[in-house]
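Source file query29.pdb; content: PDB, C-alpha atoms.
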ATOM      1  CA  MET A   1      -9.628 130.369-130.523
ATOM      2  CA  SER A   2      -7.196 131.244-127.753
ATOM      3  CA  GLN A   3      -7.952 130.958-124.043
ATOM      4  CA  GLN A   4      -8.581 134.716-124.040
ATOM      5  CA  PRO A   5     -11.295 135.334-126.674
ATOM      6  CA  SER A   6     -10.556 138.305-128.887
ATOM      7  CA  ILE A   7     -13.234 140.902-129.494
ATOM      8  CA  LEU A   8     -13.323 143.878-131.857
ATOM      9  CA  VAL A   9     -15.408 146.790-130.555
ATOM     10  CA  VAL A  10     -16.543 149.356-133.132
ATOM     11  CA  ASP A  11     -18.217 152.657-132.230
ATOM     12  CA  ASP A  12     -17.900 156.248-133.396
ATOM     13  CA  GLU A  13     -17.790 157.587-129.817
ATOM     14  CA  MET A  14     -14.378 157.323-128.160
ATOM     15  CA  GLY A  15     -15.888 157.551-124.678
ATOM     16  CA  ILE A  16     -17.967 154.419-125.259
ATOM     17  CA  LEU A  17     -14.960 152.614-126.722
ATOM     18  CA  ASP A  18     -12.869 153.399-123.630
ATOM     19  CA  VAL A  19     -15.588 152.169-121.260
ATOM     20  CA  LEU A  20     -16.162 148.946-123.200
ATOM     21  CA  ARG A  21     -12.436 148.281-123.548
ATOM     22  CA  ILE A  22     -11.905 148.550-119.775
ATOM     23  CA  LEU A  23     -15.016 146.506-118.996
ATOM     24  CA  LEU A  24     -14.340 143.630-121.376
ATOM     25  CA  LYS A  25     -10.612 143.511-120.708
ATOM     26  CA  GLY A  26     -11.396 143.172-117.004
ATOM     27  CA  GLU A  27     -13.666 140.223-117.864
ATOM     28  CA  GLY A  28     -10.908 138.320-119.639
ATOM     29  CA  PHE A  29     -11.336 139.404-123.262
ATOM     30  CA  ASP A  30      -8.535 140.463-125.589
ATOM     31  CA  VAL A  31     -10.021 143.777-126.731
ATOM     32  CA  THR A  32      -9.315 145.789-129.882
ATOM     33  CA  THR A  33     -11.226 149.013-130.532
ATOM     34  CA  ALA A  34     -11.952 150.893-133.731
ATOM     35  CA  GLN A  35     -13.455 154.382-133.859
ATOM     36  CA  GLY A  36     -16.008 154.425-136.672
ATOM     37  CA  GLY A  37     -17.132 151.910-139.263
ATOM     38  CA  LYS A  38     -14.298 152.600-141.687
ATOM     39  CA  ALA A  39     -11.709 151.878-138.998
ATOM     40  CA  GLY A  40     -13.682 148.769-138.116
ATOM     41  CA  LEU A  41     -13.412 147.446-141.670
ATOM     42  CA  GLU A  42      -9.671 148.094-141.620
ATOM     43  CA  ALA A  43      -9.338 146.248-138.301
ATOM     44  CA  LEU A  44     -11.070 143.198-139.798
ATOM     45  CA  LYS A  45      -8.365 142.967-142.453
ATOM     46  CA  GLY A  46      -5.745 142.338-139.797
ATOM     47  CA  ASN A  47      -6.067 139.532-137.277
ATOM     48  CA  PRO A  48      -9.717 138.354-137.474
ATOM     49  CA  PRO A  49     -11.384 138.562-134.029
ATOM     50  CA  ASP A  50     -13.403 135.812-132.375
ATOM     51  CA  ILE A  51     -16.282 138.242-131.718
ATOM     52  CA  VAL A  52     -17.357 141.616-133.132
ATOM     53  CA  LEU A  53     -19.311 144.159-131.067
ATOM     54  CA  THR A  54     -20.430 147.128-133.146
ATOM     55  CA  ASP A  55     -22.770 150.085-133.000
ATOM     56  CA  ILE A  56     -25.315 150.209-135.829
ATOM     57  CA  LYS A  57     -25.650 153.931-136.522
ATOM     58  CA  MET A  58     -22.260 155.361-137.456
ATOM     59  CA  PRO A  59     -21.346 157.964-140.100
ATOM     60  CA  GLY A  60     -19.871 156.567-143.292
ATOM     61  CA  VAL A  61     -19.887 152.820-142.635
ATOM     62  CA  SER A  62     -22.785 151.443-140.587
ATOM     63  CA  GLY A  63     -22.888 148.502-138.233
ATOM     64  CA  THR A  64     -24.906 146.463-140.736
ATOM     65  CA  GLU A  65     -22.078 146.962-143.238
ATOM     66  CA  ILE A  66     -19.639 145.724-140.597
ATOM     67  CA  LEU A  67     -21.918 142.712-140.090
ATOM     68  CA  ALA A  68     -21.950 141.974-143.835
ATOM     69  CA  ALA A  69     -18.142 142.218-144.007
ATOM     70  CA  VAL A  70     -17.732 139.846-141.071
ATOM     71  CA  ARG A  71     -20.187 137.366-142.571
ATOM     72  CA  GLU A  72     -18.263 137.420-145.841
ATOM     73  CA  GLN A  73     -14.947 136.938-144.057
ATOM     74  CA  ASP A  74     -16.068 134.218-141.638
ATOM     75  CA  PRO A  75     -19.773 133.347-141.188
ATOM     76  CA  GLU A  76     -18.958 131.628-137.881
ATOM     77  CA  THR A  77     -17.871 134.879-136.193
ATOM     78  CA  PRO A  78     -20.600 136.131-133.803
ATOM     79  CA  VAL A  79     -21.558 139.784-134.355
ATOM     80  CA  ILE A  80     -23.337 141.707-131.583
ATOM     81  CA  LEU A  81     -25.121 144.885-132.684
ATOM     82  CA  MET A  82     -25.663 147.883-130.384
ATOM     83  CA  THR A  83     -28.194 150.642-130.967
ATOM     84  CA  ALA A  84     -29.935 153.450-129.107
ATOM     85  CA  GLN A  85     -33.009 153.183-131.339
ATOM     86  CA  ALA A  86     -34.131 149.595-131.000
ATOM     87  CA  SER A  87     -37.384 148.301-132.416
ATOM     88  CA  LEU A  88     -38.837 144.855-132.968
ATOM     89  CA  GLN A  89     -38.596 145.284-136.720
ATOM     90  CA  SER A  90     -34.940 146.330-136.653
ATOM     91  CA  ALA A  91     -34.096 143.487-134.259
ATOM     92  CA  ILE A  92     -35.723 140.924-136.558
ATOM     93  CA  GLN A  93     -33.897 142.410-139.525
ATOM     94  CA  ALA A  94     -30.564 142.195-137.709
ATOM     95  CA  VAL A  95     -31.095 138.538-136.818
ATOM     96  CA  ASN A  96     -32.148 137.734-140.376
ATOM     97  CA  GLN A  97     -28.927 139.326-141.580
ATOM     98  CA  GLY A  98     -26.941 136.973-139.340
ATOM     99  CA  ALA A  99     -26.367 138.964-136.148
ATOM    100  CA  PHE A 100     -25.729 136.907-133.016
ATOM    101  CA  TYR A 101     -27.499 139.407-130.758
ATOM    102  CA  TYR A 102     -29.113 142.829-130.817
ATOM    103  CA  ILE A 103     -28.782 144.940-127.666
ATOM    104  CA  GLN A 104     -30.270 148.358-126.919
ATOM    105  CA  LYS A 105     -28.353 151.237-125.365
ATOM    106  CA  PRO A 106     -28.107 151.965-122.527
ATOM    107  CA  PHE A 107     -27.463 148.415-121.331
ATOM    108  CA  SER A 108     -26.113 147.044-118.081
ATOM    109  CA  ASN A 109     -22.519 145.877-117.898
ATOM    110  CA  ASP A 110     -23.628 142.446-116.656
ATOM    111  CA  ASP A 111     -25.990 141.955-119.601
ATOM    112  CA  LEU A 112     -23.335 142.858-122.155
ATOM    113  CA  VAL A 113     -20.673 140.661-120.541
ATOM    114  CA  ALA A 114     -23.098 137.720-120.417
ATOM    115  CA  ILE A 115     -23.907 138.141-124.120
ATOM    116  CA  CYS A 116     -20.222 138.351-125.053
ATOM    117  CA  ARG A 117     -19.472 135.216-123.041
ATOM    118  CA  ARG A 118     -22.260 133.310-124.781
ATOM    119  CA  ALA A 119     -20.884 134.468-128.121
ATOM    120  CA  ALA A 120     -17.402 133.261-127.123
ATOM    121  CA  GLU A 121     -18.797 129.866-126.079
ATOM    122  CA  GLN A 122     -20.652 129.490-129.370
ATOM    123  CA  ARG A 123     -17.540 130.452-131.315
ATOM    124  CA  LEU A 124     -15.472 127.871-129.419
ATOM    125  CA  LEU A 125     -18.034 125.100-129.888
ATOM    126  CA  LYS A 126     -18.271 125.744-133.624
ATOM    127  CA  ALA A 127     -14.478 125.766-133.946
ATOM    128  CA  GLU A 128     -14.192 122.479-132.055
ATOM    129  CA  ASN A 129     -16.976 120.932-134.145
ATOM    130  CA  LYS A 130     -15.278 121.994-137.360
ATOM    131  CA  GLN A 131     -11.954 120.588-136.167
ATOM    132  CA  LEU A 132     -13.593 117.284-135.175
ATOM    133  CA  LYS A 133     -15.279 116.903-138.562
ATOM    134  CA  GLN A 134     -11.961 117.565-140.314
ATOM    135  CA  GLU A 135     -10.246 114.935-138.174
ATOM    136  CA  ILE A 136     -12.983 112.377-138.894
ATOM    137  CA  ARG A 137     -12.712 113.009-142.645
ATOM    138  CA  ARG A 138      -8.921 112.704-142.453
ATOM    139  CA  ARG A 139      -9.150 109.377-140.638
ATOM    140  CA  GLU A 140     -11.762 108.060-143.047
ATOM    141  CA  ARG A 141      -9.597 108.974-146.049
ATOM    142  CA  SER A 142      -6.542 107.336-144.482
ATOM    143  CA  GLY A 143      -8.494 104.201-143.553
ATOM    144  CA  LEU A 144      -7.618 104.486-139.861
ATOM    145  CA  VAL A 145     -11.228 104.158-138.770
ATOM    146  CA  LYS A 146     -14.515 103.150-140.320
ATOM    147  CA  PRO A 147     -17.565 105.390-139.998
ATOM    148  CA  LEU A 148     -19.253 103.966-136.918
ATOM    149  CA  GLY A 149     -22.772 104.061-138.303
ATOM    150  CA  LYS A 150     -21.791 102.269-141.542
ATOM    151  CA  SER A 151     -19.986  99.304-139.966
ATOM    152  CA  ARG A 152     -21.689  95.964-140.810
ATOM    153  CA  ALA A 153     -20.893  94.537-137.363
ATOM    154  CA  PHE A 154     -22.277  97.640-135.661
ATOM    155  CA  LEU A 155     -25.495  97.424-137.681
ATOM    156  CA  ASP A 156     -25.834  93.716-136.776
ATOM    157  CA  VAL A 157     -25.483  94.544-133.079
ATOM    158  CA  MET A 158     -28.068  97.301-133.301
ATOM    159  CA  LYS A 159     -30.480  94.972-135.132
ATOM    160  CA  LEU A 160     -30.115  92.347-132.396
ATOM    161  CA  ALA A 161     -30.653  95.007-129.745
ATOM    162  CA  GLU A 162     -33.983  95.880-131.329
ATOM    163  CA  GLN A 163     -34.997  92.201-131.381
ATOM    164  CA  VAL A 164     -34.303  91.540-127.691
ATOM    165  CA  ALA A 165     -35.518  94.918-126.407
ATOM    166  CA  PRO A 166     -39.045  93.690-125.505
ATOM    167  CA  THR A 167     -37.600  90.828-123.401
ATOM    168  CA  GLU A 168     -35.611  90.604-120.188
ATOM    169  CA  SER A 169     -32.905  88.501-121.852
ATOM    170  CA  THR A 170     -29.254  89.401-121.781
ATOM    171  CA  VAL A 171     -27.530  88.434-125.033
ATOM    172  CA  LEU A 172     -23.760  88.355-125.446
ATOM    173  CA  ILE A 173     -22.351  88.388-128.964
ATOM    174  CA  GLN A 174     -18.736  87.267-129.080
ATOM    175  CA  GLY A 175     -16.550  87.809-132.099
ATOM    176  CA  GLU A 176     -14.405  90.441-133.733
ATOM    177  CA  SER A 177     -15.061  93.936-132.425
ATOM    178  CA  PHE A 178     -16.798  96.288-134.835
ATOM    179  CA  LEU A 179     -14.351  98.984-133.794
ATOM    180  CA  GLY A 180     -11.418  96.720-134.595
ATOM    181  CA  VAL A 181      -9.993  96.954-131.058
ATOM    182  CA  GLY A 182      -9.953  94.557-128.129
ATOM    183  CA  ARG A 183     -12.757  96.016-126.050
ATOM    184  CA  ARG A 184     -16.310  95.204-125.024
ATOM    185  CA  ASP A 185     -19.065  97.569-126.155
ATOM    186  CA  VAL A 186     -22.532  97.281-124.661
ATOM    187  CA  VAL A 187     -25.783  98.580-126.118
ATOM    188  CA  THR A 188     -28.746  98.677-123.747
ATOM    189  CA  SER A 189     -32.394  99.387-124.385
ATOM    190  CA  SER A 190     -35.682  99.187-122.509
ATOM    191  CA  CYS A 191     -39.327  98.761-123.422
ATOM    192  CA  CYS A 192     -42.274  99.018-120.997
ATOM    193  CA  GLY A 193     -39.944  98.642-118.046
ATOM    194  CA  ALA A 194     -38.129  95.580-119.428
ATOM    195  CA  LYS A 195     -34.403  95.937-120.053
ATOM    196  CA  ALA A 196     -32.131  94.165-122.501
ATOM    197  CA  GLY A 197     -28.395  94.353-123.030
ATOM    198  CA  VAL A 198     -26.230  93.458-126.010
ATOM    199  CA  GLY A 199     -22.520  93.018-125.433
ATOM    200  CA  TYR A 200     -19.879  92.792-128.143
ATOM    201  CA  ASP A 201     -16.660  91.052-127.029
ATOM    202  CA  ALA A 202     -13.502  90.851-129.130
ATOM    203  CA  GLY A 203     -11.439  87.706-129.611
ATOM    204  CA  ARG A 204     -14.076  84.945-129.264
ATOM    205  CA  ALA A 205     -16.907  83.459-131.322
ATOM    206  CA  GLY A 206     -20.400  82.294-130.501
ATOM    207  CA  VAL A 207     -23.628  83.578-128.970
ATOM    208  CA  ALA A 208     -24.613  83.186-125.331
ATOM    209  CA  GLY A 209     -28.052  83.966-123.939
ATOM    210  CA  ARG A 210     -29.545  84.169-120.481
TER     211      ARG A 210
END

As structure tokens - that is how I would like this structure written.
Amino acid sequence: MSQQPSILVVDDEMGILDVLRILLKGEGFDVTTAQGGKAGLEALKGNPPDIVLTDIKMPGVSGTEILAAVREQDPETPVILMTAQASLQSAIQAVNQGAFYYIQKPFSNDDLVAICRRAAEQRLLKAENKQLKQEIRRRERSGLVKPLGKSRAFLDVMKLAEQVAPTESTVLIQGESFLGVGRRDVVTSSCCGAKAGVGYDAGRAGVAGR
């Protein structure tokens, strides 16, 4: 996602589209508008937006159909539904269908902007998480790094940490680093006010206690 989150606004009333375009553009969004559900579906075929803001009741293609199309294209894209006839039942239905938020018209500008910003933050976090997982899998396949939780040395350190946790001892384990780099990693724990520390130091061998 770019620094300026993109948002597609879909409504069958041009006046509402103009107001929302000016409002959201002034708040730092890259805004594209589509008049009516059919135009909204066509806009989704182009450059997929980071966020979709759509009215529910529109002639021809409804907002729930827009929601379904977005979910099929990219389930991670937040969809905000707008309606003038909100009810608890319809709100629950919208959320169950995968909507990010359900807002009733008329709404305040501040409320809508806040919701759109939260949607942008969620979209960014999910994108970063996906990218991180891909990078971890790539490194694991290439053998550049071992999965931290599966390392034998790491598991040994964690086991020792559990053993000394009830005491006030400080135990230093010296040997080859479980990360394979020349650094010292410390695991601390506490129990009933007592503290214990386990240090892992690369390049030496032996166990020291105090």

Which neighbours of A:Ala127 fall inside 12 Å, counting all atoms listed in the file, when residues of the same chain fewer than 6 positions from it are skipped, and could you give them as a ChimeraX atom specification?
-> /A:1-2,50,74-77,120-121,133-134

Residues of stretch 79-158 of chain A within 10 Å of stretch 29-49 of chain A: nearest atom pair and distance (Å, one decimal) for each, counting all atoms listed in the file, sorted by chain and number, as a tab-separated table?
residue	atom	partner	partner_atom	distance
A:Val113	CA	A:Phe29	CA	9.8
A:Cys116	CA	A:Phe29	CA	9.1
A:Arg117	CA	A:Phe29	CA	9.2
A:Ala120	CA	A:Phe29	CA	9.5

Å distance separating atom CA of A:Leu112 from atom CA of A:Ala84, one decimal place |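 Separation between atom CA of A:Leu112 and atom CA of A:Ala84: 14.3 Å.
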
Could you tell me how far atom CA of A:Ile56 lies from atom CA of A:Thr83, in Å and to one decimal?
->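 Interatomic distance here is 5.7 Å.
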
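You will find atom CA of A:Ile66 at 16.2 Å from atom CA of A:Leu17.
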
Name the closest residue to A:Glu27 among the candidates A:Pro78, A:Pro5, A:Pro106, A:Gly60; distances are taken between atoms, counting only C-alpha atoms.
->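 Checking each candidate against A:Glu27, we get A:Pro5 as the closest.
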
Nearest-residue call for A:Val70, choices A:Val95, A:Leu24, A:Leu53, A:Asp18, using all atoms listed in the file | A:Leu53

Please return, as a PyMOL selection string, all polymer residues that have at least one atom within 12 Å of the point (-29.1, 136.3, -141.7); use only C-alpha atoms and the file's own coordinate frame.
-> chain A and resi 64+67-68+70-72+75-76+78-79+91-101

Can you take the partial stretch 113-125 of chain A, add N, CA, C and O atoms, and return it as a PDB file, in the coordinates of the input?
ATOM      1  N   VAL A 113     -21.706 141.675-120.795  1.00  0.00           N
ATOM      2  CA  VAL A 113     -20.673 140.661-120.541  1.00  0.00           C
ATOM      3  C   VAL A 113     -21.242 139.260-120.742  1.00  0.00           C
ATOM      4  O   VAL A 113     -20.596 138.386-121.340  1.00  0.00           O
ATOM      5  N   ALA A 114     -22.465 139.032-120.262  1.00  0.00           N
ATOM      6  CA  ALA A 114     -23.098 137.720-120.417  1.00  0.00           C
ATOM      7  C   ALA A 114     -23.288 137.379-121.896  1.00  0.00           C
ATOM      8  O   ALA A 114     -23.056 136.239-122.320  1.00  0.00           O
ATOM      9  N   ILE A 115     -23.708 138.365-122.687  1.00  0.00           N
ATOM     10  CA  ILE A 115     -23.907 138.141-124.120  1.00  0.00           C
ATOM     11  C   ILE A 115     -22.578 137.832-124.804  1.00  0.00           C
ATOM     12  O   ILE A 115     -22.484 136.921-125.633  1.00  0.00           O
ATOM     13  N   CYS A 116     -21.541 138.572-124.455  1.00  0.00           N
ATOM     14  CA  CYS A 116     -20.222 138.351-125.053  1.00  0.00           C
ATOM     15  C   CYS A 116     -19.672 136.975-124.679  1.00  0.00           C
ATOM     16  O   CYS A 116     -19.039 136.299-125.507  1.00  0.00           O
ATOM     17  N   ARG A 117     -19.926 136.544-123.457  1.00  0.00           N
ATOM     18  CA  ARG A 117     -19.472 135.216-123.041  1.00  0.00           C
ATOM     19  C   ARG A 117     -20.209 134.120-123.800  1.00  0.00           C
ATOM     20  O   ARG A 117     -19.608 133.113-124.200  1.00  0.00           O
ATOM     21  N   ARG A 118     -21.503 134.302-124.006  1.00  0.00           N
ATOM     22  CA  ARG A 118     -22.260 133.310-124.781  1.00  0.00           C
ATOM     23  C   ARG A 118     -21.744 133.260-126.217  1.00  0.00           C
ATOM     24  O   ARG A 118     -21.656 132.185-126.819  1.00  0.00           O
ATOM     25  N   ALA A 119     -21.426 134.422-126.764  1.00  0.00           N
ATOM     26  CA  ALA A 119     -20.884 134.468-128.121  1.00  0.00           C
ATOM     27  C   ALA A 119     -19.543 133.747-128.187  1.00  0.00           C
ATOM     28  O   ALA A 119     -19.271 133.013-129.143  1.00  0.00           O
ATOM     29  N   ALA A 120     -18.705 133.931-127.165  1.00  0.00           N
ATOM     30  CA  ALA A 120     -17.402 133.261-127.123  1.00  0.00           C
ATOM     31  C   ALA A 120     -17.567 131.748-127.024  1.00  0.00           C
ATOM     32  O   ALA A 120     -16.841 130.979-127.663  1.00  0.00           O
ATOM     33  N   GLU A 121     -18.537 131.299-126.224  1.00  0.00           N
ATOM     34  CA  GLU A 121     -18.797 129.866-126.079  1.00  0.00           C
ATOM     35  C   GLU A 121     -19.277 129.264-127.398  1.00  0.00           C
ATOM     36  O   GLU A 121     -18.848 128.184-127.795  1.00  0.00           O
ATOM     37  N   GLN A 122     -20.162 129.981-128.089  1.00  0.00           N
ATOM     38  CA  GLN A 122     -20.652 129.490-129.370  1.00  0.00           C
ATOM     39  C   GLN A 122     -19.522 129.407-130.381  1.00  0.00           C
ATOM     40  O   GLN A 122     -19.409 128.436-131.135  1.00  0.00           O
ATOM     41  N   ARG A 123     -18.674 130.429-130.384  1.00  0.00           N
ATOM     42  CA  ARG A 123     -17.540 130.452-131.315  1.00  0.00           C
ATOM     43  C   ARG A 123     -16.614 129.263-131.055  1.00  0.00           C
ATOM     44  O   ARG A 123     -16.155 128.600-131.981  1.00  0.00           O
ATOM     45  N   LEU A 124     -16.352 128.981-129.786  1.00  0.00           N
ATOM     46  CA  LEU A 124     -15.472 127.871-129.419  1.00  0.00           C
ATOM     47  C   LEU A 124     -16.083 126.532-129.813  1.00  0.00           C
ATOM     48  O   LEU A 124     -15.397 125.657-130.361  1.00  0.00           O
ATOM     49  N   LEU A 125     -17.371 126.353-129.549  1.00  0.00           N
ATOM     50  CA  LEU A 125     -18.034 125.100-129.888  1.00  0.00           C
ATOM     51  C   LEU A 125     -18.022 124.853-131.400  1.00  0.00           C
ATOM     52  O   LEU A 125     -17.785 123.727-131.855  1.00  0.00           O
TER      53      LEU A 125
END
